[in-house]
Amino acid sequence: MATVHEIKTVEQFNELINSASPTTLVALDFHAPWAAPCAQMNAVFETLASQTSPSSALFLSIDAEELPDISESYDVSAVPFFILLKNNTIIQKISGADPTALASAITSHSGTSTLSVPSLPPLQPVSPTTESTNPSTSSQPVAEEEDLNTRLSKLVSAAPVMLFMKGTPAEPKCGFSRQLVSLLRERGVRYGFFNILADDEVRQGLKEFSDWPTYPQLYVDGQLVGGLDIVKEEMEADPSFLKGE
Ligand SMILES: N[C@@H](CCC(=O)N[C@@H](CS)C(=O)NCC(=O)O)C(=O)O
Ligand code: FES
C-alpha cells in the first residue's frame, strides 16, 4: 500500500517527482485548509493510496496556498484539484470533490485492477472554488432560488476573507480584480476566492443577493465590504485594515 507524502517545500516536491520512474503514476492533490471539500477529498486520496501499490503510483499532497509556486506552475485555480502525471507529463486533471472520477482515473492510469470508491458524506459543504462540481439545474424555480441563496450565503463565508473576482489570483481577467489581488497580496492577507467568470449563476445571483452590481467583491466574515474603490478607501483610512487576517 502506498502512502501520501505531505509536500513541505518545492525542493522536496522536485526530488520526489524526479525520483518516479517513467511508468509510475504521480497523483497530486492540491488543497486549501479553509475548504471543507478538500478535507473530505484528502481522506479519499489517502484511502485510494492505501489501496494502490507503492511501485505503481506516488501520491503527493500539496497545500495550494502554502506552495503557490507549485500550484501556479500547474495552473491550479480551484481546490480541491487533482493532477495525474506520468513521465513528468500531465495525463489527467480532476477538479472538485468527485471521488468516483478520482478513483477511476487512478485505477486506469496506475494499472490497479479494482479500487473501491470511498464515499463522501451526503451533505457536502460548498467550496469557494469548486465551481465545476455544483449541480446546476432543478425544475422548480422557487426551490432553485432558495438553493442559490443558500449556496451564496455559504460561499460568502467560505473563508474569513472571500474575494469574488474575474479570473483567479494567479491570472486575473480584469484590471479591477487584478488591483484588488495586488492590494491583498501587499498586505499578506490570506483569502479564499471564487472566479465568477466560471459560474454565471453566482455571477448574476450575488449581485442581487448583496445588492452590489460589479466585481470584484470582498467579504469579511460573510459581510460585504465592497468593491475595489471601497477597499482602497478602507485601506487608506485605516492602514491596519485586514492586516493579520
Ligand atoms: N468601481 C468598481 C469597478 C468594478 C467594475 O466596474 N466592475 C465591472 C466591470 S469588471 C463589473 O463587474 N460589471 C459587471 C459584470 O461584469 O458582471 C469597483 O470599485 O470595484
Ligand atoms: S472585464 Fe471589462 S472592465 Fe472588467
# chains A, B, ... in the order shown; residues from 1 in each chain; ligands from 1

$ residues_near_ligand --ligand "ligand 2" --cutoff "10 Å" --atoms "only C-alpha atoms and all ligand atoms" --output "PyMOL selection string"
chain A and resi 165-167+172-178+197+214-216

$ atom_distance --atom1 "atom CA of Pro37 of chain A" --atom2 "atom CA of Ala57 of chain A"
23.4 Å

$ select_by_dssp --residues "segment 16-229 of chain A" --states "helix (DSSP H, G or I)" --output "ChimeraX atom specification"
/A:16-19,36-50,68-73,99-110,131-133,141-156,175-186,196-198,200-210,228-229

$ decode --residues "segment 164-176 of chain A" --atoms "all heavy atoms" --output "mmCIF file, in the first residue's frame"
data_model
loop_
_atom_site.group_PDB
_atom_site.id
_atom_site.type_symbol
_atom_site.label_atom_id
_atom_site.label_comp_id
_atom_site.auth_asym_id
_atom_site.auth_seq_id
_atom_site.Cartn_x
_atom_site.Cartn_y
_atom_site.Cartn_z
ATOM 1 N N PHE A 164 -14.576 37.628 -4.503
ATOM 2 C CA PHE A 164 -15.266 37.188 -5.727
ATOM 3 C C PHE A 164 -14.687 38.051 -6.843
ATOM 4 O O PHE A 164 -14.753 39.281 -6.791
ATOM 5 C CB PHE A 164 -16.783 37.374 -5.582
ATOM 6 C CG PHE A 164 -17.348 36.395 -4.598
ATOM 7 C CD1 PHE A 164 -17.206 36.610 -3.236
ATOM 8 C CD2 PHE A 164 -17.980 35.238 -5.029
ATOM 9 C CE1 PHE A 164 -17.682 35.681 -2.314
ATOM 10 C CE2 PHE A 164 -18.462 34.300 -4.115
ATOM 11 C CZ PHE A 164 -18.312 34.528 -2.752
ATOM 12 N N MET A 165 -14.075 37.395 -7.801
ATOM 13 C CA MET A 165 -13.295 38.143 -8.788
ATOM 14 C C MET A 165 -13.462 37.574 -10.190
ATOM 15 O O MET A 165 -14.023 36.486 -10.372
ATOM 16 C CB MET A 165 -11.819 38.095 -8.383
ATOM 17 C CG MET A 165 -11.232 36.690 -8.422
ATOM 18 S SD MET A 165 -9.459 36.652 -8.034
ATOM 19 C CE MET A 165 -8.776 37.465 -9.474
ATOM 20 N N LYS A 166 -12.949 38.319 -11.161
ATOM 21 C CA LYS A 166 -12.921 37.813 -12.533
ATOM 22 C C LYS A 166 -11.563 37.171 -12.740
ATOM 23 O O LYS A 166 -10.544 37.844 -12.678
ATOM 24 C CB LYS A 166 -13.146 38.953 -13.518
ATOM 25 C CG LYS A 166 -14.564 39.508 -13.426
ATOM 26 C CD LYS A 166 -14.862 40.465 -14.559
ATOM 27 C CE LYS A 166 -16.327 40.892 -14.493
ATOM 28 N NZ LYS A 166 -16.675 41.838 -15.556
ATOM 29 N N GLY A 167 -11.561 35.862 -12.965
ATOM 30 C CA GLY A 167 -10.312 35.120 -13.099
ATOM 31 C C GLY A 167 -9.844 34.634 -11.745
ATOM 32 O O GLY A 167 -10.637 34.522 -10.800
ATOM 33 N N THR A 168 -8.576 34.345 -11.633
ATOM 34 C CA THR A 168 -8.002 33.797 -10.406
ATOM 35 C C THR A 168 -6.878 34.716 -9.937
ATOM 36 O O THR A 168 -6.366 35.509 -10.733
ATOM 37 C CB THR A 168 -7.407 32.404 -10.678
ATOM 38 O OG1 THR A 168 -6.295 32.563 -11.576
ATOM 39 C CG2 THR A 168 -8.433 31.459 -11.288
ATOM 40 N N PRO A 169 -6.455 34.610 -8.664
ATOM 41 C CA PRO A 169 -5.345 35.455 -8.209
ATOM 42 C C PRO A 169 -4.111 35.295 -9.104
ATOM 43 O O PRO A 169 -3.401 36.257 -9.368
ATOM 44 C CB PRO A 169 -5.087 34.961 -6.784
ATOM 45 C CG PRO A 169 -6.425 34.471 -6.334
ATOM 46 C CD PRO A 169 -7.036 33.832 -7.558
ATOM 47 N N ALA A 170 -3.865 34.073 -9.580
ATOM 48 C CA ALA A 170 -2.694 33.865 -10.437
ATOM 49 C C ALA A 170 -2.923 34.458 -11.824
ATOM 50 O O ALA A 170 -1.987 34.846 -12.501
ATOM 51 C CB ALA A 170 -2.398 32.379 -10.551
ATOM 52 N N GLU A 171 -4.183 34.516 -12.229
ATOM 53 C CA GLU A 171 -4.498 35.002 -13.575
ATOM 54 C C GLU A 171 -5.781 35.832 -13.583
ATOM 55 O O GLU A 171 -6.821 35.379 -14.056
ATOM 56 C CB GLU A 171 -4.668 33.793 -14.498
ATOM 57 C CG GLU A 171 -3.919 33.940 -15.783
ATOM 58 C CD GLU A 171 -4.035 32.687 -16.625
ATOM 59 O OE1 GLU A 171 -3.612 31.619 -16.150
ATOM 60 O OE2 GLU A 171 -4.580 32.781 -17.726
ATOM 61 N N PRO A 172 -5.702 37.054 -13.039
ATOM 62 C CA PRO A 172 -6.903 37.891 -13.046
ATOM 63 C C PRO A 172 -7.285 38.240 -14.486
ATOM 64 O O PRO A 172 -6.410 38.442 -15.319
ATOM 65 C CB PRO A 172 -6.459 39.153 -12.274
ATOM 66 C CG PRO A 172 -5.180 38.796 -11.594
ATOM 67 C CD PRO A 172 -4.549 37.720 -12.423
ATOM 68 N N LYS A 173 -8.616 38.285 -14.737
ATOM 69 C CA LYS A 173 -9.057 38.525 -16.114
ATOM 70 C C LYS A 173 -9.565 39.957 -16.305
ATOM 71 O O LYS A 173 -10.190 40.269 -17.312
ATOM 72 C CB LYS A 173 -10.177 37.540 -16.488
ATOM 73 C CG LYS A 173 -9.709 36.100 -16.510
ATOM 74 C CD LYS A 173 -8.817 35.832 -17.699
ATOM 75 C CE LYS A 173 -8.479 34.353 -17.780
ATOM 76 N NZ LYS A 173 -7.274 34.111 -18.558
ATOM 77 N N CYS A 174 -9.341 40.812 -15.312
ATOM 78 C CA CYS A 174 -9.776 42.186 -15.437
ATOM 79 C C CYS A 174 -8.914 43.035 -14.504
ATOM 80 O O CYS A 174 -8.500 42.568 -13.439
ATOM 81 C CB CYS A 174 -11.243 42.300 -15.040
ATOM 82 S SG CYS A 174 -11.731 43.990 -14.730
ATOM 83 N N GLY A 175 -8.663 44.277 -14.927
ATOM 84 C CA GLY A 175 -7.792 45.153 -14.149
ATOM 85 C C GLY A 175 -8.294 45.427 -12.742
ATOM 86 O O GLY A 175 -7.517 45.540 -11.798
ATOM 87 N N PHE A 176 -9.629 45.538 -12.572
ATOM 88 C CA PHE A 176 -10.175 45.822 -11.237
ATOM 89 C C PHE A 176 -9.856 44.667 -10.275
ATOM 90 O O PHE A 176 -9.442 44.882 -9.140
ATOM 91 C CB PHE A 176 -11.691 46.041 -11.300
ATOM 92 C CG PHE A 176 -12.093 47.251 -12.105
ATOM 93 C CD1 PHE A 176 -12.921 47.126 -13.213
ATOM 94 C CD2 PHE A 176 -11.663 48.520 -11.752
ATOM 95 C CE1 PHE A 176 -13.311 48.234 -13.955
ATOM 96 C CE2 PHE A 176 -12.037 49.642 -12.486
ATOM 97 C CZ PHE A 176 -12.870 49.498 -13.597
#
